[in-house]
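Asker: Submitted below is the structure of interest, expressed as structure tokens.
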Amino acid sequence: EPEVTQTPSHQVTQMGQEVILRCVPISNHLYFYWYRQILGQKVEFLVSFYNNEISEKSEIFDDQFSVERPDGSNFTLKIRSTKLEDSAMYFCASSPGSGRWQYFGPGTRLTVT
Amino acid sequence: GNSVTQMEGPVTLSEEAFLTINCTYTATGYPSLFWYVQYPGEGLQLLLKATKADDKGSNKGFEATYRKETTSFHLEKGSVQVSDSAVYFCALDNYGQNFVFGPGTRLSVLP
């Protein structure tokens, strides 16, 4: 069964550094998402992406964040200048169409020191 | 707006005990409902889902029935195992909108 993949599984970075989290959605899917889970807390929506542009974003997704689909397969989340509070598990998801189920990747654990 | 409420944890049970984790939701229309499980140090795994009223999702001995009249999707298992220890998230997907997750319920099963 096709699945969403994410790399790396764990990223450690210093405060102020830029990080790029990578996701490979399921190949025929058209909608892409990023979610965040701070340790021990609920999973929170960050952003959705369709047709090469952001379709919706949450309050968390401020100017420090950006998303990109640089080629036909990858979907990336960039944090420009990381803060300690960005430490979390980041989940990518994809969906074949609007109103269809989202399939989640295994997550990338980001640790900012 | 859409929201999901779950019973607060942690829930601690002995092996072979009966499990219920309550989940209720608020949403317009007819959302799909999900249970996800997160084992220690791992990502989200879809456990089961239901897409319309009275549907029953089931997997690995877990079951949940979509009850529109009570806006609930309670998770049950007849006999839990130590390996079921994890955090369980109830979630909804309200067509065209984004997933909304409950806060999660931590389950600890003791041998």
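Ligands are numbered from 1 in the order shown, residues from 1 within each chain, and chains are lettered A, B, ... in the order they appear in the structure tokens.
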Could you tell me which residues of chain A sit within 12 Å of chain B when counting only C-alpha atoms, and give me the result as an mmCIF file with C-alpha atoms, in the first residue's frame?
Answerer:
```
data_model
loop_
_atom_site.group_PDB
_atom_site.id
_atom_site.type_symbol
_atom_site.label_atom_id
_atom_site.label_comp_id
_atom_site.auth_asym_id
_atom_site.auth_seq_id
_atom_site.Cartn_x
_atom_site.Cartn_y
_atom_site.Cartn_z
ATOM 1 C CA GLU A 3 2.468 5.564 2.068
ATOM 2 C CA VAL A 4 3.693 9.018 2.948
ATOM 3 C CA THR A 5 7.365 9.124 3.871
ATOM 4 C CA GLN A 6 9.276 11.753 5.807
ATOM 5 C CA SER A 9 13.163 10.828 11.316
ATOM 6 C CA HIS A 10 14.975 12.980 13.856
ATOM 7 C CA TYR A 31 -3.463 18.102 -1.321
ATOM 8 C CA PHE A 32 -0.644 18.318 1.179
ATOM 9 C CA TYR A 33 -0.556 19.220 4.837
ATOM 10 C CA TRP A 34 1.778 19.805 7.754
ATOM 11 C CA TYR A 35 0.814 19.231 11.378
ATOM 12 C CA ARG A 36 2.782 19.689 14.579
ATOM 13 C CA GLN A 37 2.704 17.884 17.903
ATOM 14 C CA ILE A 38 4.604 19.375 20.799
ATOM 15 C CA LEU A 39 5.656 16.635 23.188
ATOM 16 C CA GLY A 40 2.733 15.407 25.226
ATOM 17 C CA GLN A 41 0.259 17.725 23.538
ATOM 18 C CA LYS A 42 -2.346 17.459 20.820
ATOM 19 C CA VAL A 43 -1.689 17.373 17.106
ATOM 20 C CA GLU A 44 -2.159 20.848 15.604
ATOM 21 C CA PHE A 45 -2.773 21.878 12.016
ATOM 22 C CA LEU A 46 -0.135 24.127 10.461
ATOM 23 C CA VAL A 47 -0.822 24.513 6.755
ATOM 24 C CA SER A 48 -2.487 23.007 3.716
ATOM 25 C CA PHE A 49 -1.182 23.268 0.156
ATOM 26 C CA TYR A 50 -2.870 22.740 -3.167
ATOM 27 C CA SER A 55 -4.816 27.091 0.762
ATOM 28 C CA GLU A 56 -5.089 27.500 4.517
ATOM 29 C CA LYS A 57 -2.775 28.146 7.435
ATOM 30 C CA SER A 58 -3.126 28.344 11.185
ATOM 31 C CA ALA A 88 8.039 19.060 18.234
ATOM 32 C CA MET A 89 7.051 16.156 16.047
ATOM 33 C CA TYR A 90 6.088 17.355 12.588
ATOM 34 C CA PHE A 91 3.695 15.249 10.535
ATOM 35 C CA CYS A 92 3.138 15.504 6.817
ATOM 36 C CA ALA A 93 -0.121 14.296 5.281
ATOM 37 C CA SER A 94 -1.529 14.027 1.784
ATOM 38 C CA SER A 95 -4.946 13.528 0.278
ATOM 39 C CA PRO A 96 -6.131 12.619 -3.225
ATOM 40 C CA GLY A 97 -8.726 15.366 -3.259
ATOM 41 C CA SER A 98 -10.625 17.894 -1.251
ATOM 42 C CA GLY A 99 -12.875 16.174 1.222
ATOM 43 C CA ARG A 100 -10.934 12.943 1.030
ATOM 44 C CA TRP A 101 -9.088 11.244 3.854
ATOM 45 C CA GLN A 102 -5.615 12.361 4.738
ATOM 46 C CA TYR A 103 -2.798 9.877 4.968
ATOM 47 C CA PHE A 104 -0.144 10.694 7.533
ATOM 48 C CA GLY A 105 3.581 10.156 7.419
ATOM 49 C CA PRO A 106 5.554 8.772 10.368
ATOM 50 C CA GLY A 107 6.731 12.207 11.458
ATOM 51 C CA THR A 108 10.022 14.035 11.949
ATOM 52 C CA ARG A 109 11.070 14.779 15.483
#
```
Asker: Mind checking which residues fall within 7 Å of Lys83 in chain A, counting only C-alpha atoms, ignoring those fewer than 3 positions away in the same chain, and posting them as a PyMOL selection string?
Answerer: chain A and resi 15-16+86+112
Asker: Which residues come within 6 Å of range 17-25 of chain A, counting only C-alpha atoms, excluding same-chain residues fewer than 6 positions away, as a CSV table (one decimal) with N, CA, C and O atoms, in the first residue's frame?
Answerer:
```
chain,number,residue,atom,x,y,z
A,4,VAL,N,3.0,7.7,2.9
A,4,VAL,CA,3.7,9.0,2.9
A,4,VAL,C,5.0,8.8,3.7
A,4,VAL,O,5.0,8.1,4.7
A,5,THR,N,6.1,9.3,3.2
A,5,THR,CA,7.4,9.1,3.9
A,5,THR,C,7.9,10.5,4.3
A,5,THR,O,7.6,11.5,3.6
A,6,GLN,N,8.7,10.5,5.3
A,6,GLN,CA,9.3,11.8,5.8
A,6,GLN,C,10.7,11.5,6.2
A,6,GLN,O,11.1,10.5,6.7
A,7,THR,N,11.5,12.5,5.9
A,7,THR,CA,12.9,12.5,6.3
A,7,THR,C,13.4,13.8,6.8
A,7,THR,O,12.9,14.9,6.4
A,73,SER,N,7.7,15.4,-6.5
A,73,SER,CA,7.5,14.4,-5.5
A,73,SER,C,7.6,14.9,-4.1
A,73,SER,O,7.0,14.4,-3.2
A,74,ASN,N,8.5,15.9,-3.9
A,74,ASN,CA,8.7,16.3,-2.5
A,74,ASN,C,7.8,17.5,-2.1
A,74,ASN,O,7.4,18.3,-2.9
A,75,PHE,N,7.6,17.5,-0.8
A,75,PHE,CA,6.8,18.6,-0.2
A,75,PHE,C,7.6,19.0,1.1
A,75,PHE,O,7.8,18.2,2.0
A,76,THR,N,8.1,20.2,1.2
A,76,THR,CA,9.0,20.6,2.3
A,76,THR,C,8.4,21.7,3.2
A,76,THR,O,7.6,22.5,2.8
A,77,LEU,N,8.8,21.6,4.4
A,77,LEU,CA,8.5,22.6,5.4
A,77,LEU,C,9.8,23.2,5.9
A,77,LEU,O,10.7,22.5,6.3
A,78,LYS,N,9.9,24.5,5.7
A,78,LYS,CA,11.1,25.2,6.2
A,78,LYS,C,10.8,26.1,7.3
A,78,LYS,O,9.8,26.8,7.3
A,79,ILE,N,11.7,26.0,8.3
A,79,ILE,CA,11.6,27.0,9.5
A,79,ILE,C,12.9,27.8,9.4
A,79,ILE,O,14.0,27.3,9.5
A,80,ARG,N,12.7,29.1,9.2
A,80,ARG,CA,13.8,30.0,8.8
A,80,ARG,C,14.8,30.1,10.0
A,80,ARG,O,16.0,30.0,9.8
A,81,SER,N,14.3,30.4,11.2
A,81,SER,CA,15.2,30.7,12.3
A,81,SER,C,14.6,30.0,13.5
A,81,SER,O,13.6,30.5,14.1
A,82,THR,N,15.0,28.8,13.8
A,82,THR,CA,14.3,28.0,14.8
A,82,THR,C,14.4,28.5,16.2
A,82,THR,O,15.4,29.2,16.6
A,94,SER,N,-1.1,13.7,3.1
A,94,SER,CA,-1.5,14.0,1.8
A,94,SER,C,-2.9,13.4,1.6
A,94,SER,O,-3.3,12.5,2.3
```
Asker: Rounded to one decimal place, report the CA of Glu69 in chain B-CA of Leu47 in chain B distance in Å.
Answerer: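 The value is 23.1 Å.
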Asker: Which of range 5-108 of chain B end up as strand (DSSP E or B) when DSSP is run on this backbone - answer as a PyMOL selection string?
Answerer: chain B and resi 5-6+11-14+19-21+23-26+32-38+45-50+56-59+62-65+67+72+75-77+86-93+100-101+105-108
Asker: Nearest to Asn28 in chain A: which of A:Glu59, A:Pro8, A:Ser66, A:Gly72 is it, counting only C-alpha atoms?
Answerer: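 So, comparing all the options, the nearest one is A:Gly72.
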Asker: Measure the distance from CA of Thr111 in chain A to CA of Asp62 in chain A in Å and round it to one decimal.
Answerer: 19.0 Å
Asker: Would you kindly return, as number ranges by chain, each protein, DNA or RNA residue with an atom no farther than 9 Å from any atom of Gly61 in chain B, considering only C-alpha atoms and excluding same-chain residues fewer than 2 positions away?
Answerer: B: 58-59, 63, 76-80
Asker: Residues within 10 Å of Thr12 in chain B, please, as a ChimeraX atom specification. Count only C-alpha atoms; anything in the same chain fewer than 2 positions from it doesn't count.
Answerer: /B:9-10,14-15,17,19,85,106-110
Asker: Could you write those residues out with N, CA, C and O atoms, as an mmCIF file, in the first residue's frame?
Answerer:
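Just written: again.cif:
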```cif
data_model
loop_
_atom_site.group_PDB
_atom_site.id
_atom_site.type_symbol
_atom_site.label_atom_id
_atom_site.label_comp_id
_atom_site.auth_asym_id
_atom_site.auth_seq_id
_atom_site.Cartn_x
_atom_site.Cartn_y
_atom_site.Cartn_z
ATOM 1 N N GLY B 9 -6.816 11.242 30.273
ATOM 2 C CA GLY B 9 -6.049 10.133 30.780
ATOM 3 C C GLY B 9 -5.212 10.577 31.966
ATOM 4 O O GLY B 9 -5.420 11.658 32.497
ATOM 5 N N PRO B 10 -4.242 9.776 32.344
ATOM 6 C CA PRO B 10 -4.006 8.469 31.750
ATOM 7 C C PRO B 10 -5.003 7.424 32.227
ATOM 8 O O PRO B 10 -5.580 7.541 33.297
ATOM 9 N N SER B 14 -5.341 -3.359 33.826
ATOM 10 C CA SER B 14 -4.613 -4.634 33.879
ATOM 11 C C SER B 14 -4.848 -5.373 32.566
ATOM 12 O O SER B 14 -5.873 -5.180 31.889
ATOM 13 N N GLU B 15 -3.893 -6.210 32.232
ATOM 14 C CA GLU B 15 -4.018 -7.013 31.010
ATOM 15 C C GLU B 15 -5.327 -7.789 31.051
ATOM 16 O O GLU B 15 -5.754 -8.265 32.106
ATOM 17 N N ALA B 17 -8.255 -6.601 30.642
ATOM 18 C CA ALA B 17 -9.397 -5.781 31.051
ATOM 19 C C ALA B 17 -10.089 -5.217 29.825
ATOM 20 O O ALA B 17 -9.540 -5.185 28.715
ATOM 21 N N LEU B 19 -11.596 -2.147 27.676
ATOM 22 C CA LEU B 19 -11.216 -0.754 27.475
ATOM 23 C C LEU B 19 -12.336 0.024 26.818
ATOM 24 O O LEU B 19 -12.943 -0.448 25.838
ATOM 25 N N SER B 85 -0.393 -0.411 25.066
ATOM 26 C CA SER B 85 -0.014 0.820 25.760
ATOM 27 C C SER B 85 0.467 1.843 24.741
ATOM 28 O O SER B 85 1.419 1.595 23.980
ATOM 29 N N ARG B 106 -3.783 8.744 27.046
ATOM 30 C CA ARG B 106 -2.692 7.789 27.250
ATOM 31 C C ARG B 106 -3.216 6.557 27.953
ATOM 32 O O ARG B 106 -3.874 6.646 28.995
ATOM 33 N N LEU B 107 -2.927 5.401 27.379
ATOM 34 C CA LEU B 107 -3.328 4.117 27.955
ATOM 35 C C LEU B 107 -2.089 3.371 28.409
ATOM 36 O O LEU B 107 -1.140 3.203 27.637
ATOM 37 N N SER B 108 -2.107 2.934 29.645
ATOM 38 C CA SER B 108 -1.059 2.065 30.174
ATOM 39 C C SER B 108 -1.689 0.756 30.594
ATOM 40 O O SER B 108 -2.634 0.755 31.381
ATOM 41 N N VAL B 109 -1.172 -0.335 30.064
ATOM 42 C CA VAL B 109 -1.678 -1.663 30.405
ATOM 43 C C VAL B 109 -0.607 -2.376 31.206
ATOM 44 O O VAL B 109 0.537 -2.542 30.736
ATOM 45 N N LEU B 110 -0.967 -2.811 32.390
ATOM 46 C CA LEU B 110 -0.020 -3.467 33.288
ATOM 47 C C LEU B 110 -0.156 -4.984 33.194
ATOM 48 O O LEU B 110 -1.263 -5.496 33.086
#
```
Asker: Could you jot down the CA of Lys60 in chain B to CA of Val82 in chain B separation for me, Å, one decimal place?
Answerer: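 Those two atoms sit 13.6 Å apart.
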Asker: Hey, which of B:Tyr25, B:Tyr30, B:Asp55, B:Tyr39 ends up closest to Thr70 in chain B? Count only C-alpha atoms.
Answerer: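 Counting only C-alpha atoms, the residue closest to Thr70 in chain B is B:Tyr25.
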